[in-house]
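K.L.:
Please find structure_11.cif (mmCIF, C-alpha atoms and all ligand atoms) on the next line:
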data_run
loop_
_atom_site.label_atom_id
_atom_site.label_comp_id
_atom_site.auth_asym_id
_atom_site.auth_seq_id
_atom_site.Cartn_x
_atom_site.Cartn_y
_atom_site.Cartn_z
CA MET A 1 3.46 5.04 115.32
CA TYR A 2 4.12 7.32 112.41
CA LEU A 3 7.34 9.09 111.48
CA ARG A 4 9.90 9.27 114.27
CA ALA A 5 9.96 12.72 115.85
CA GLU A 6 13.46 13.62 114.62
CA ALA A 7 12.60 12.59 111.06
CA LEU A 8 9.34 14.51 111.17
CA ASN A 9 11.03 17.65 112.52
CA ALA A 10 13.72 17.42 109.86
CA PHE A 11 11.08 16.99 107.17
CA LEU A 12 9.12 20.02 108.40
CA ALA A 13 12.28 22.17 108.38
CA MET A 14 13.11 20.91 104.89
CA ALA A 15 9.57 21.54 103.59
CA GLN A 16 9.68 25.08 104.96
CA ALA A 17 13.02 25.79 103.26
CA ALA A 18 11.72 24.23 100.04
CA ARG A 19 8.63 26.45 100.10
CA LYS A 20 10.83 29.55 100.33
CA ASP A 21 12.43 28.41 97.08
CA GLY A 22 9.04 27.71 95.48
CA ALA A 23 9.07 23.92 95.91
CA GLU A 24 5.95 22.45 97.55
CA LEU A 25 6.75 19.04 99.04
CA ARG A 26 4.01 16.59 100.01
CA ILE A 27 4.33 13.28 101.85
CA VAL A 28 2.63 10.52 99.85
CA SER A 29 3.60 7.69 102.19
CA SER A 30 5.60 7.49 105.40
CA TYR A 31 5.45 4.89 108.16
CA ARG A 32 4.00 1.48 107.30
CA SER A 33 3.27 -1.31 109.74
CA GLY A 34 4.44 -4.84 108.99
CA SER A 35 0.92 -6.01 108.16
CA TYR A 36 0.31 -3.08 105.82
CA GLN A 37 3.62 -3.73 104.06
CA GLU A 38 2.67 -7.40 103.78
CA GLY A 39 -0.51 -6.43 101.95
CA LEU A 40 1.41 -4.17 99.53
CA TYR A 41 3.99 -6.88 98.90
CA GLU A 42 1.39 -9.60 98.27
CA ARG A 43 -0.47 -7.34 95.86
CA ALA A 44 2.75 -6.56 93.97
CA VAL A 45 3.64 -10.25 93.74
CA ARG A 46 0.13 -11.16 92.56
CA ARG A 47 0.33 -8.51 89.87
CA ASP A 48 3.93 -8.83 88.71
CA GLY A 49 5.27 -12.08 90.18
CA LEU A 50 8.11 -12.81 92.58
CA SER A 51 10.61 -11.09 90.30
CA GLN A 52 8.96 -7.66 90.85
CA ARG A 53 11.51 -5.15 92.17
CA TYR A 54 9.45 -2.31 93.60
CA SER A 55 7.83 -3.69 96.75
CA ALA A 56 9.82 -5.13 99.67
CA PRO A 57 8.70 -8.12 101.73
CA PRO A 58 7.45 -7.27 105.26
CA GLY A 59 10.42 -6.61 107.57
CA HIS A 60 12.55 -5.35 104.68
CA SER A 61 10.91 -2.06 103.78
CA GLU A 62 12.61 1.17 104.88
CA HIS A 63 9.09 2.49 105.48
CA GLN A 64 8.87 0.29 108.59
CA LEU A 65 11.77 2.24 110.14
CA GLY A 66 9.69 5.39 110.67
CA THR A 67 12.40 7.50 109.03
CA THR A 68 11.44 7.21 105.38
CA VAL A 69 9.05 9.21 103.22
CA ASP A 70 7.78 9.03 99.67
CA LEU A 71 7.44 12.59 98.38
CA SER A 72 5.62 14.33 95.59
CA ASP A 73 5.01 17.90 94.53
CA ALA A 74 1.78 19.67 95.52
CA ARG A 75 0.31 19.21 92.03
CA GLY A 76 0.68 15.45 92.21
CA THR A 77 2.89 15.21 89.13
CA SER A 78 3.98 11.62 88.44
CA VAL A 79 3.28 10.37 91.98
CA LEU A 80 5.53 7.37 92.70
CA GLU A 81 6.69 7.40 89.08
CA GLU A 82 10.06 8.12 87.53
CA GLY A 83 8.62 11.26 85.94
CA PHE A 84 8.80 12.86 89.39
CA ALA A 85 12.54 13.25 88.72
CA ARG A 86 11.71 15.96 86.16
CA THR A 87 9.77 18.13 88.63
CA PHE A 88 11.19 21.24 90.26
CA GLU A 89 10.58 19.62 93.66
CA SER A 90 12.69 16.59 92.77
CA ARG A 91 15.54 18.77 91.55
CA TRP A 92 15.28 20.83 94.74
CA LEU A 93 15.54 17.64 96.83
CA GLU A 94 18.60 16.46 94.91
CA GLN A 95 20.29 19.78 95.63
CA ASN A 96 19.20 20.33 99.24
CA ALA A 97 17.83 17.26 101.04
CA GLU A 98 21.20 16.17 102.38
CA ARG A 99 21.50 19.42 104.36
CA PHE A 100 18.44 18.25 106.31
CA GLY A 101 19.69 14.70 106.79
CA PHE A 102 17.70 13.03 104.00
CA ARG A 103 19.18 10.78 101.33
CA ARG A 104 17.60 9.05 98.37
CA SER A 105 17.82 5.31 98.94
CA TYR A 106 17.37 3.97 95.43
CA ARG A 107 19.33 5.50 92.58
CA ASP A 108 20.50 4.34 89.19
CA ASP A 109 23.85 3.45 90.76
CA THR A 110 22.29 1.40 93.60
CA VAL A 111 20.10 -0.90 91.47
CA ALA A 112 22.76 -3.60 91.28
CA ARG A 113 23.42 -3.54 95.04
CA THR A 114 19.86 -3.17 96.37
CA GLY A 115 17.90 -4.94 93.65
CA TYR A 116 15.36 -2.11 93.72
CA VAL A 117 14.46 0.10 90.81
CA THR A 118 15.45 3.77 90.97
CA GLU A 119 12.96 5.77 93.08
CA PRO A 120 13.38 9.57 92.89
CA TRP A 121 10.52 9.98 95.42
CA HIS A 122 11.87 7.75 98.23
CA TRP A 123 13.94 9.60 100.88
CA ARG A 124 15.28 8.23 104.13
CA TYR A 125 16.31 10.34 107.08
CA HIS A 126 19.85 9.47 108.18
CA GLY A 127 20.18 12.30 110.70
CA ALA A 128 23.04 14.57 111.56
CA VAL A 129 25.64 12.31 109.90
CA ALA A 130 24.05 12.84 106.50
CA ALA A 131 23.60 16.52 107.26
CA GLY A 132 27.33 16.78 107.96
CA LYS A 133 26.86 18.13 111.51
ZN ZN A 201 9.17 4.50 99.43
#
Could the structure of this file be written out as structure tokens, please?
P.N.:
Amino acid sequence: MYLRAEALNAFLAMAQAARKDGAELRIVSSYRSGSYQEGLYERAVRRDGLSQRYSAPPGHSEHQLGTTVDLSDARGTSVLEEGFARTFESRWLEQNAERFGFRRSYRDDTVARTGYVTEPWHWRYHGAVAAGK
């Protein structure tokens, strides 16, 4: 299983609209299985200890939902780094992604609630509710 069909279709529509505006979106990471997420989590804990706040334990990652993507620009500027926020593509997403049903999960104002660091690249498809349809 990869992205759910409705999330994939919404992403493709969004990427097409972005391209018209000169923003080239690329998917860096989308669906992850539980065992793959487990490997990422264990590696993060080995490197940075149990207090690390960027990798979720298996069963807790939004990437296992099949509705979530990590995005970059086509040039690969600051992939999975906060610097992505300064790219044209990131600014385009902030302005337009909600129209296509995508919302950023981890923002400066969600750190306290979620425990996760801000991630300008991580977008979850919430569907027509988010799109206001
Ligand atoms: Zn992510």
K.L.:
Against ligand ZN 201 (chain A), which residues of chain A fall within 8 Å? For each one I want the closest pair of atoms and the distance in Å (one decimal), counting only C-alpha atoms and all ligand atoms, rows by chain and increasing residue number, as a tab-separated table.
P.N.:
residue	atom	partner	partner_atom	distance
A:Ser29	CA	A:ZN201	ZN	7.0
A:Ser30	CA	A:ZN201	ZN	7.6
A:Glu62	CA	A:ZN201	ZN	7.3
A:His63	CA	A:ZN201	ZN	6.4
A:Thr68	CA	A:ZN201	ZN	6.9
A:Val69	CA	A:ZN201	ZN	6.0
A:Asp70	CA	A:ZN201	ZN	4.7
A:Glu119	CA	A:ZN201	ZN	7.5
A:Trp121	CA	A:ZN201	ZN	6.9
A:His122	CA	A:ZN201	ZN	4.4
A:Trp123	CA	A:ZN201	ZN	7.1
K.L.:
Show me, as a ChimeraX atom specification, the residues that have an atom within 12 Å of Phe88 of chain A when counting all atoms listed in the file, minus same-chain residues fewer than 3 positions from it.
P.N.:
/A:18-19,21-25,72-75,77,83-85,91-95
K.L.:
Report, in Å with one decimal, the straight-line distance from atom CA of Tyr41 of chain A to atom CA of Thr67 of chain A.
P.N.:
19.5 Å
K.L.:
Please report the interatomic distance between atom CA of Arg103 of chain A and atom CA of Pro58 of chain A in Å with one decimal.
P.N.:
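According to the coordinates, atom CA of Arg103 of chain A and atom CA of Pro58 of chain A are separated by 21.9 Å.
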K.L.:
Taking only C-alpha atoms into account, name the residue in A:Arg46, A:Arg4, A:Arg26, A:His126 that is nearest to Glu89 of chain A.
P.N.:
A:Arg26
K.L.:
What lies within 9 Å of Phe102 of chain A using only C-alpha atoms, ignoring chain neighbours under 3 positions off, as a list of chain:residue names?
P.N.:
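In the requested form, the answer reads A:Ala7, A:Ala10, A:Phe11, A:Thr68, A:Leu93, A:Asn96, A:Ala97, A:Glu98, A:Arg99, A:Trp123, A:Arg124, A:Tyr125, A:His126, A:Gly127, A:Ala130, A:Ala131.
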K.L.:
What does the distance from atom CA of Gly49 of chain A to atom CA of Arg104 of chain A come to in Å, to one decimal?
P.N.:
25.8 Å
K.L.:
Would you be able to write out as a VMD selection string which residues have an atom within 12 Å of (2.5, -5.3, 102.3) in the file's coordinates, counting only C-alpha atoms?
P.N.:
chain A and resid 32 to 46 54 to 61 63 to 64
K.L.:
Taking only C-alpha atoms into account, which of A:Arg113, A:Glu81, A:Gly101, A:Arg53 comes nearest Asn9 of chain A?
P.N.:
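For Asn9 of chain A, the nearest of the candidates is A:Gly101.
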K.L.:
Taking into account only C-alpha atoms, which residue in the set A:Phe100, A:Ser51, A:Ser78, A:Leu71 is nearest to Gly115 of chain A?
P.N.:
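Of A:Phe100, A:Ser51, A:Ser78, A:Leu71, the one nearest Gly115 of chain A, counting only C-alpha atoms, is A:Ser51.
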